[in-house]
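Here's target14.txt, which has compact mmCIF, C-alpha atoms:
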# COMPACT_ATOMS: atom_id res chain seq x y z
CA MET A 97 15.75 14.18 -14.96
CA ILE A 98 12.63 12.05 -14.58
CA ASP A 99 10.96 11.71 -11.19
CA VAL A 100 10.63 7.97 -10.49
CA MET A 101 9.59 5.88 -7.49
CA ILE A 102 11.00 2.40 -6.80
CA TYR A 103 9.14 -0.63 -5.48
CA ILE A 104 11.02 -3.75 -4.31
CA HIS A 105 9.09 -7.01 -3.90
CA ILE A 106 10.34 -9.42 -1.22
CA PRO A 107 8.23 -12.61 -1.55
CA PHE A 108 9.39 -14.29 1.65
CA CYS A 109 7.41 -14.95 4.82
CA ASP A 110 7.93 -16.93 8.00
CA SER A 111 4.36 -18.22 7.63
CA LYS A 112 1.50 -17.69 5.20
CA CYS A 113 -1.55 -15.82 6.52
CA LEU A 114 -4.86 -17.56 5.85
CA TYR A 115 -6.35 -14.63 3.86
CA CYS A 116 -3.29 -13.86 1.72
CA ASN A 117 -3.18 -14.31 -2.06
CA PHE A 118 -0.04 -12.22 -2.66
CA VAL A 119 2.96 -13.69 -4.44
CA SER A 120 4.72 -14.79 -1.27
CA GLY A 121 5.62 -17.91 0.68
CA ILE A 122 8.10 -19.86 2.77
CA TYR A 123 11.40 -20.64 1.03
CA ASP A 124 14.81 -21.96 2.07
CA GLU A 125 17.93 -19.86 2.52
CA TYR A 126 19.50 -21.08 -0.74
CA LEU A 127 16.60 -19.76 -2.82
CA LYS A 128 16.64 -16.50 -0.88
CA LYS A 129 20.31 -15.98 -1.79
CA GLN A 130 19.52 -16.68 -5.45
CA TYR A 131 16.59 -14.27 -5.33
CA PHE A 132 18.52 -11.37 -3.84
CA LYS A 133 21.37 -11.91 -6.31
CA LYS A 134 18.81 -11.71 -9.12
CA ILE A 135 16.99 -8.64 -7.82
CA ASN A 136 20.30 -6.76 -7.48
CA GLU A 137 21.11 -7.72 -11.07
CA GLU A 138 17.74 -6.31 -12.10
CA ILE A 139 18.39 -3.06 -10.23
CA LYS A 140 21.73 -2.71 -12.06
CA PHE A 141 20.18 -3.66 -15.41
CA ASN A 142 17.71 -0.76 -15.15
CA ALA A 143 20.15 1.77 -13.68
CA ASN A 144 19.83 5.27 -15.07
CA ILE A 145 21.42 8.30 -13.46
CA ASP A 146 18.69 10.44 -15.08
CA TYR A 147 16.12 8.84 -12.79
CA HIS A 148 15.44 11.11 -9.82
CA ILE A 149 14.24 8.68 -7.12
CA THR A 150 11.61 10.34 -4.94
CA SER A 151 10.61 7.30 -2.85
CA ILE A 152 11.51 3.65 -2.27
CA TYR A 153 9.03 1.10 -0.96
CA ILE A 154 10.12 -2.39 0.13
CA GLY A 155 7.05 -4.63 0.29
CA GLY A 156 6.08 -8.25 0.15
CA GLY A 157 5.66 -10.82 1.56
CA THR A 158 7.36 -9.89 4.78
CA PRO A 159 10.61 -7.97 4.20
CA SER A 160 11.42 -8.03 7.92
CA SER A 161 11.48 -11.85 7.85
CA VAL A 162 14.77 -11.88 5.93
CA ASP A 163 18.27 -11.07 7.17
CA SER A 164 18.65 -7.29 7.02
CA LYS A 165 21.96 -7.67 5.15
CA TYR A 166 19.89 -8.37 2.02
CA ILE A 167 17.89 -5.18 2.49
CA LEU A 168 21.06 -3.13 3.04
CA GLU A 169 22.64 -4.52 -0.14
CA ILE A 170 19.59 -3.57 -2.21
CA LEU A 171 19.55 -0.03 -0.81
CA LYS A 172 23.31 0.36 -1.30
CA ASN A 173 22.94 -0.54 -4.99
CA ILE A 174 20.05 1.87 -5.48
CA PHE A 175 21.95 4.74 -3.86
CA GLU A 176 25.03 4.00 -5.98
CA LEU A 177 23.28 3.52 -9.31
CA TYR A 178 20.43 6.06 -9.17
CA TYR A 179 20.08 9.66 -8.05
CA VAL A 180 18.12 9.33 -4.80
CA ASP A 181 16.63 12.55 -3.46
CA LYS A 182 18.04 13.50 -0.05
CA ASN A 183 14.44 13.77 1.24
CA ALA A 184 13.25 10.52 -0.34
CA GLU A 185 10.69 8.56 1.67
CA ILE A 186 12.03 5.02 2.19
CA THR A 187 9.53 2.51 3.58
CA ILE A 188 9.82 -1.12 4.60
CA GLU A 189 6.92 -3.42 5.47
CA THR A 190 7.42 -5.36 8.69
CA ASN A 191 5.74 -7.97 10.85
CA PRO A 192 5.69 -7.64 14.67
CA ALA A 193 6.92 -11.23 14.97
CA SER A 194 10.14 -10.57 13.04
CA LEU A 195 11.02 -6.97 13.92
CA THR A 196 14.11 -6.87 16.16
CA SER A 197 16.49 -4.28 17.59
CA ASP A 198 19.29 -5.39 15.26
CA LYS A 199 17.08 -5.09 12.20
CA LEU A 200 15.85 -1.65 13.22
CA LEU A 201 19.45 -0.48 13.64
CA ASP A 202 20.31 -1.83 10.19
CA TYR A 203 17.25 -0.18 8.66
CA LYS A 204 18.44 3.13 10.10
CA ARG A 205 21.89 2.53 8.60
CA GLY A 206 20.23 1.86 5.25
CA LYS A 207 18.43 5.25 5.43
CA ILE A 208 14.97 3.72 5.85
CA ASN A 209 12.80 6.43 7.42
CA ARG A 210 9.31 4.92 7.40
CA LEU A 211 7.96 1.64 8.78
CA SER A 212 4.72 -0.12 7.92
CA ILE A 213 3.85 -2.64 10.62
CA GLY A 214 1.28 -5.33 9.81
CA VAL A 215 -0.74 -5.23 13.02
CA GLN A 216 -4.14 -6.15 11.47
CA SER A 217 -5.76 -6.43 14.92
CA LEU A 218 -4.94 -6.13 18.61
CA ASN A 219 -7.39 -8.89 19.49
CA ASN A 220 -5.70 -12.27 19.89
CA LYS A 221 -8.78 -14.25 18.79
CA CYS A 222 -9.00 -12.23 15.57
CA LEU A 223 -5.28 -12.67 14.93
CA LYS A 224 -5.55 -16.43 15.40
CA VAL A 225 -8.49 -16.86 13.04
CA ILE A 226 -6.61 -15.17 10.15
CA GLY A 227 -3.38 -17.06 10.85
CA ARG A 228 -1.20 -14.23 12.15
CA LYS A 229 1.72 -15.39 14.29
CA HIS A 230 2.01 -12.34 16.50
CA THR A 231 -0.07 -11.32 19.52
CA LYS A 232 -1.37 -7.99 20.78
CA LYS A 233 1.60 -7.76 23.15
CA MET A 234 4.10 -8.40 20.35
CA ALA A 235 2.50 -5.79 18.09
CA LEU A 236 2.60 -3.06 20.74
CA LYS A 237 6.16 -4.02 21.65
CA ALA A 238 7.20 -3.69 17.98
CA ILE A 239 5.78 -0.15 17.81
CA THR A 240 7.51 0.87 21.06
CA LEU A 241 10.80 -0.67 19.89
CA ALA A 242 10.65 1.14 16.56
CA GLN A 243 10.05 4.45 18.32
CA LYS A 244 12.95 3.73 20.68
CA TYR A 245 15.27 3.46 17.67
CA GLY A 246 14.09 6.74 16.21
CA PHE A 247 11.31 5.71 13.84
CA HIS A 248 8.42 8.12 14.19
CA ASN A 249 6.93 7.81 10.71
CA ILE A 250 5.07 4.58 11.45
CA ASN A 251 2.08 3.11 9.65
CA THR A 252 0.03 0.27 11.09
CA ASP A 253 -2.25 -1.87 8.92
CA VAL A 254 -5.66 -2.80 10.31
CA LEU A 255 -8.25 -5.16 8.83
CA ILE A 256 -12.01 -4.54 8.98
CA GLY A 257 -14.30 -7.56 8.77
CA ILE A 258 -12.19 -10.28 10.39
CA PRO A 259 -14.32 -13.22 11.62
CA LYS A 260 -15.01 -12.79 15.37
CA GLN A 261 -14.61 -9.01 15.03
CA ASN A 262 -17.34 -6.64 16.24
CA PHE A 263 -17.17 -2.87 16.41
CA PHE A 264 -15.98 -2.84 20.01
CA VAL A 265 -13.04 -5.10 19.08
CA LEU A 266 -12.17 -2.97 16.04
CA LYS A 267 -12.46 0.33 17.90
CA SER A 268 -10.27 -1.04 20.73
CA THR A 269 -7.53 -1.77 18.20
CA ILE A 270 -7.72 1.68 16.60
CA LYS A 271 -7.92 3.40 19.98
CA ARG A 272 -4.83 1.58 21.25
CA LEU A 273 -2.85 2.40 18.10
CA VAL A 274 -3.71 6.09 18.48
CA LYS A 275 -2.55 5.88 22.10
CA ALA A 276 0.70 4.26 20.91
CA LYS A 277 1.32 7.45 18.87
CA VAL A 278 1.58 5.91 15.42
CA THR A 279 1.38 8.58 12.73
CA HIS A 280 -0.48 6.67 10.01
CA ILE A 281 -3.21 4.02 9.98
CA SER A 282 -4.30 2.01 6.93
CA ALA A 283 -7.71 0.41 7.49
CA TYR A 284 -8.62 -2.12 4.81
CA MET A 285 -11.74 -4.19 4.32
CA LEU A 286 -10.86 -7.90 4.51
CA ILE A 287 -11.34 -9.35 1.02
CA ASN A 288 -12.14 -13.03 0.82
CA GLU A 289 -9.83 -13.89 -2.06
CA PRO A 290 -10.60 -17.11 -3.95
CA ASN A 291 -8.61 -20.25 -3.11
CA THR A 292 -7.24 -18.95 0.18
CA PRO A 293 -7.58 -21.06 3.36
CA LEU A 294 -9.76 -18.40 5.01
CA THR A 295 -12.20 -18.30 2.09
CA ASN A 296 -12.38 -22.10 2.14
CA MET A 297 -13.14 -21.96 5.88
CA ILE A 298 -15.90 -19.40 5.27
CA GLU A 299 -17.42 -21.44 2.42
CA SER A 300 -17.41 -24.59 4.56
CA GLN A 301 -19.01 -22.56 7.39
CA LYS A 302 -16.13 -23.20 9.81
CA VAL A 303 -16.00 -19.47 10.45
CA LYS A 304 -18.61 -16.79 9.87
CA VAL A 305 -17.87 -13.75 7.76
CA VAL A 306 -18.81 -10.29 9.03
CA ASP A 307 -21.77 -8.86 7.10
CA GLU A 308 -20.71 -6.36 4.40
CA ASP A 309 -23.18 -3.71 5.57
CA LYS A 310 -21.77 -4.01 9.09
CA CYS A 311 -18.25 -3.55 7.72
CA VAL A 312 -19.30 -0.32 5.99
CA LYS A 313 -20.86 0.94 9.25
CA TYR A 314 -17.68 0.01 11.15
CA TYR A 315 -15.60 1.85 8.58
CA ASN A 316 -17.72 5.02 8.73
CA LYS A 317 -17.52 5.08 12.53
CA ILE A 318 -13.74 4.61 12.41
CA VAL A 319 -13.45 7.53 9.96
CA MET A 320 -15.22 9.80 12.48
CA PHE A 321 -13.24 8.42 15.44
CA LEU A 322 -9.90 9.08 13.71
CA LYS A 323 -10.95 12.50 12.44
CA LYS A 324 -11.56 13.65 16.02
CA ARG A 325 -8.02 12.56 16.85
CA ASP A 326 -6.39 14.52 13.99
CA PHE A 327 -5.97 11.58 11.63
CA LYS A 328 -7.08 12.93 8.27
CA ARG A 329 -8.38 10.54 5.63
CA TYR A 330 -6.40 11.34 2.48
CA GLU A 331 -7.39 8.18 0.58
CA VAL A 332 -10.24 5.70 0.97
CA SER A 333 -8.31 3.41 3.33
CA ASN A 334 -5.56 5.69 4.60
CA PHE A 335 -5.46 8.10 7.54
CA ALA A 336 -2.51 10.24 8.62
CA LYS A 337 -1.41 12.91 11.01
CA ASN A 338 -0.32 16.16 9.33
CA ASN A 339 2.67 15.65 6.99
CA TYR A 340 2.72 11.88 7.51
CA GLU A 341 0.84 10.86 4.35
CA CYS A 342 2.59 8.08 2.42
CA LYS A 343 4.31 9.90 -0.46
CA HIS A 344 4.95 6.67 -2.33
CA ASN A 345 1.31 5.61 -2.42
CA ILE A 346 0.20 9.13 -3.34
CA GLY A 347 2.51 8.79 -6.34
CA TYR A 348 0.65 5.65 -7.43
CA TRP A 349 -2.72 7.38 -7.11
CA GLN A 350 -1.48 10.36 -9.13
CA CYS A 351 -0.14 8.11 -11.91
CA GLU A 352 3.51 9.04 -11.41
CA ASN A 353 6.40 6.99 -12.83
CA TYR A 354 7.61 3.98 -10.88
CA LEU A 355 9.98 1.06 -11.31
CA GLY A 356 9.17 -2.32 -9.77
CA PHE A 357 11.89 -4.88 -9.08
CA GLY A 358 11.38 -8.53 -8.16
CA VAL A 359 8.90 -11.29 -8.90
CA SER A 360 5.35 -10.12 -9.81
CA SER A 361 6.41 -6.45 -9.68
CA HIS A 362 4.98 -3.83 -12.04
CA SER A 363 6.48 -0.66 -13.47
CA TYR A 364 4.91 2.38 -15.07
CA LEU A 365 7.26 4.60 -17.04
CA LEU A 366 6.34 7.33 -19.53
CA GLY A 367 2.95 5.83 -20.32
CA GLU A 368 4.10 2.21 -20.62
CA ARG A 369 3.36 -0.59 -18.20
CA TYR A 370 5.99 -3.30 -17.60
CA TYR A 371 5.59 -6.37 -15.45
CA ASN A 372 7.56 -9.36 -14.21
CA THR A 373 6.43 -12.95 -14.07
CA SER A 374 4.61 -14.05 -10.91
CA ASN A 375 6.50 -17.36 -10.87
CA ILE A 376 9.60 -17.13 -8.68
CA LYS A 377 11.50 -19.87 -10.56
CA GLU A 378 10.78 -18.19 -13.89
CA TYR A 379 11.93 -14.88 -12.42
CA LEU A 380 15.25 -16.41 -11.31
CA GLN A 381 15.86 -17.58 -14.89
CA SER A 382 14.68 -14.37 -16.58
CA ASP A 383 16.88 -12.05 -18.62
CA PHE A 384 14.75 -8.96 -17.87
CA VAL A 385 12.90 -8.88 -21.18
CA TYR A 386 9.73 -7.48 -19.66
CA ASN A 387 6.13 -8.02 -20.62
CA LYS A 388 4.97 -4.62 -21.87
CA ASN A 389 1.60 -2.95 -22.22
CA LYS A 390 1.43 0.52 -23.73
CA LEU A 391 -1.66 2.19 -22.32
CA SER A 392 -4.11 3.72 -24.76
CA VAL A 393 -5.23 7.32 -24.23
CA ASN A 394 -8.56 6.02 -22.96
CA GLU A 395 -6.88 3.67 -20.47
CA LYS A 396 -4.72 6.53 -19.15
CA ILE A 397 -7.82 8.69 -18.69
CA GLU A 398 -9.75 5.94 -16.90
CA GLU A 399 -6.81 5.18 -14.59
CA PHE A 400 -6.30 8.88 -13.82
CA ILE A 401 -9.97 9.24 -12.81
CA MET A 402 -10.30 5.97 -10.86
CA LEU A 403 -7.12 6.46 -8.84
CA GLY A 404 -7.41 10.22 -8.33
CA LEU A 405 -10.96 10.15 -6.97
CA ARG A 406 -9.85 7.73 -4.24
CA THR A 407 -7.90 10.58 -2.63
CA LYS A 408 -8.70 13.86 -0.92
CA TYR A 409 -6.79 15.60 -3.73
CA GLY A 410 -9.25 14.47 -6.40
CA ILE A 411 -8.54 14.75 -10.12
CA ASN A 412 -6.87 17.79 -11.64
CA ILE A 413 -9.16 19.08 -14.40
CA GLU A 414 -6.32 20.65 -16.45
CA LYS A 415 -4.15 17.52 -16.30
CA LEU A 416 -7.15 15.50 -17.45
CA LYS A 417 -7.65 17.95 -20.32
CA LYS A 418 -4.00 17.46 -21.36
CA LEU A 419 -4.72 13.73 -21.57
CA GLY A 420 -7.46 14.59 -24.08
CA TYR A 421 -10.53 14.53 -21.87
CA ASP A 422 -12.39 17.76 -21.08
CA VAL A 423 -14.45 16.36 -18.24
CA LEU A 424 -16.29 19.65 -17.56
CA SER A 425 -17.80 19.77 -21.04
CA ARG A 426 -18.07 16.03 -21.69
CA LYS A 427 -19.79 15.31 -18.38
CA LYS A 428 -21.46 18.66 -17.74
CA GLN A 429 -24.88 17.30 -16.76
CA GLU A 430 -23.45 14.57 -14.53
CA ILE A 431 -21.15 17.01 -12.75
CA VAL A 432 -23.95 19.51 -12.16
CA MET A 433 -26.11 16.79 -10.56
CA LEU A 434 -23.24 15.33 -8.51
CA VAL A 435 -22.32 18.77 -7.16
CA LYS A 436 -25.95 19.71 -6.50
CA ASN A 437 -26.54 16.50 -4.52
CA GLY A 438 -23.33 16.85 -2.48
CA PHE A 439 -21.39 13.96 -3.99
CA ILE A 440 -18.48 15.95 -5.41
CA LYS A 441 -17.14 19.50 -5.28
CA ILE A 442 -14.80 21.56 -7.44
CA SER A 443 -11.87 22.81 -5.37
CA ASN A 444 -8.60 24.42 -6.56
CA GLY A 445 -9.12 23.21 -10.12
CA CYS A 446 -9.87 19.64 -9.06
CA LEU A 447 -12.94 17.42 -8.87
CA VAL A 448 -13.03 16.01 -5.33
CA VAL A 449 -15.36 13.46 -3.75
CA CYS A 450 -17.13 14.92 -0.69
CA GLU A 451 -15.91 13.47 2.58
CA ASP A 452 -19.09 11.55 3.46
CA LYS A 453 -19.55 10.04 -0.01
CA PHE A 454 -16.61 7.64 -0.28
CA GLY A 455 -19.06 4.82 0.41
CA VAL A 456 -20.51 5.28 -3.09
CA LEU A 457 -17.20 6.04 -4.80
CA ASN A 458 -17.64 3.41 -7.52
CA GLN A 459 -20.94 4.91 -8.65
CA ILE A 460 -19.38 8.39 -8.81
CA ILE A 461 -16.44 7.09 -10.86
CA LEU A 462 -18.78 5.38 -13.33
CA LYS A 463 -20.62 8.66 -13.94
CA LEU A 464 -17.36 10.48 -14.82
CA LEU A 465 -15.61 7.90 -16.97
CA PRO A 466 -15.56 8.53 -20.77
Please go through the file and, once you have read it, give me the structure as structure tokens.
Amino acid sequence: MIDVMIYIHIPFCDSKCLYCNFVSGIYDEYLKKQYFKKINEEIKFNANIDYHITSIYIGGGTPSSVDSKYILEILKNIFELYYVDKNAEITIETNPASLTSDKLLDYKRGKINRLSIGVQSLNNKCLKVIGRKHTKKMALKAITLAQKYGFHNINTDVLIGIPKQNFFVLKSTIKRLVKAKVTHISAYMLINEPNTPLTNMIESQKVKVVDEDKCVKYYNKIVMFLKKRDFKRYEVSNFAKNNYECKHNIGYWQCENYLGFGVSSHSYLLGERYYNTSNIKEYLQSDFVYNKNKLSVNEKIEEFIMLGLRTKYGINIEKLKKLGYDVLSRKKQEIVMLVKNGFIKISNGCLVVCEDKFGVLNQIILKLLP
């Protein structure tokens, strides 16, 4: 059997956030029905009982914005057509504005055991400026409601660098989430993607962007704050209590096999990359003849290094050697200098970035690439 993860892309939202450039939007119920019919066809088309499913991640878009019957149907098909591990991590992304008691009960029925709640901030001014429809009160209520229905593996997303955000505002959000007893926090730098309403507002000086150096300082302070409260950073942007790391995302960073279903989704299986169209109408008319890209040995090596060094686990030297790259001999001088200056360490057969050096991760990666 082959260990495989599954990603499901739900491109529907109740409203479009001002910073978002994901393949997502507001669509009518008729198109939603067509879409879910198509995605279930795709799941059946790729069915293989030899696939051992280790995790399922339902992302978007806003999966919680759609009727939970669609989510249950997808999960039912996966469980019937694939061998899903009894301990598989099954995550769904949710928005505080659309998370209800009925949906949480259905998610439980569908064997979902992990929630990711898009909080972004617990400051109402910050939420308004990025176009989020929920408030601080709604976000905290969503967390409490989820816990009431037995969800304890809960991630909350937080953005660093929102206009109108200072460190006090950011720290207040993180502090309150810790108090709410979430088990995982993802803290991402806000990226001003081209052609988004927020970027247009910044360029026309309607709102002021937070200085990049300030964002880095905020981030470093948050790392220390969370560390003191037993949230361990296991990847650049991800912090978890013991045993609450996201298994699905770790699989991505360790270059494991995954299948992606839905518009704009990607798959990686036995060294080959597959991807769907990013046009929803084209996807609805597709016959699942995927665009393919077989990675070269060099591309596999580069990906292994770039993704692995983002995590606390680092890159396994022997696995890298099996890919055809003896990093210890090829980059001997660079490694000696990086170790000597406290940028990386060798631990349990892996090259690992030192905890206080993630701020210069890109420079470290460049020194180790072939």
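For range 283-298 of chain A, the non-local neighbours within 6 Å, defined as residues at least 6 positions apart in the same chain or in other chains and counting only C-alpha atoms, are Leu114, Tyr115, Val254, Leu255, Ile256, Gly257, Lys304 and Ser333 of chain A.
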Quote the spacing between CA of Glu398 in chain A and CA of Leu355 in chain A in Å to one decimal place.
21.1 Å
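For the pair CA of Ile135 in chain A and CA of Phe357 in chain A, the interatomic distance is 6.5 Å.
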Using all atoms listed in the file, which residues sit within 12 Å of Asn458 in chain A once same-chain residues fewer than 5 positions away are excluded, as a PyMOL selection string?
chain A and resi 332+401-403+405-406+439+449+453+463-465
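For Gly206 in chain A, the list of residues within 9 Å, based on only C-alpha atoms and with local chain neighbours fewer than 6 positions off taken out, reads Ile167, Leu168, Glu169, Leu171 and Lys172 of chain A.
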Distance query His280 in chain A at most 8 Å, all atoms listed in the file, self and fewer than 4 positions along chain excluded, as a PDB file with C-alpha atoms, in the frame of the given file:
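File result_30.pdb, as written:
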ATOM      1  CA  ASN A 249       6.930   7.810  10.710  1.00  0.00           C
ATOM      2  CA  ILE A 250       5.070   4.580  11.450  1.00  0.00           C
ATOM      3  CA  ASN A 251       2.080   3.110   9.650  1.00  0.00           C
ATOM      4  CA  THR A 252       0.030   0.270  11.090  1.00  0.00           C
ATOM      5  CA  PHE A 327      -5.970  11.580  11.630  1.00  0.00           C
ATOM      6  CA  ASN A 334      -5.560   5.690   4.600  1.00  0.00           C
ATOM      7  CA  PHE A 335      -5.460   8.100   7.540  1.00  0.00           C
ATOM      8  CA  ALA A 336      -2.510  10.240   8.620  1.00  0.00           C
ATOM      9  CA  LYS A 337      -1.410  12.910  11.010  1.00  0.00           C
ATOM     10  CA  TYR A 340       2.720  11.880   7.510  1.00  0.00           C
ATOM     11  CA  GLU A 341       0.840  10.860   4.350  1.00  0.00           C
TER      12      GLU A 341
END
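Using all atoms listed in the file, the contacts of Asn191 in chain A at a cut-off of 9 Å, with sequence neighbours closer than 3 positions omitted, comprise Thr158, Pro159, Ser160, Ser161, Ser194, Leu195, Ser212, Ile213, Gly214, Val215, His230, Ala235 and Ala238 of chain A.
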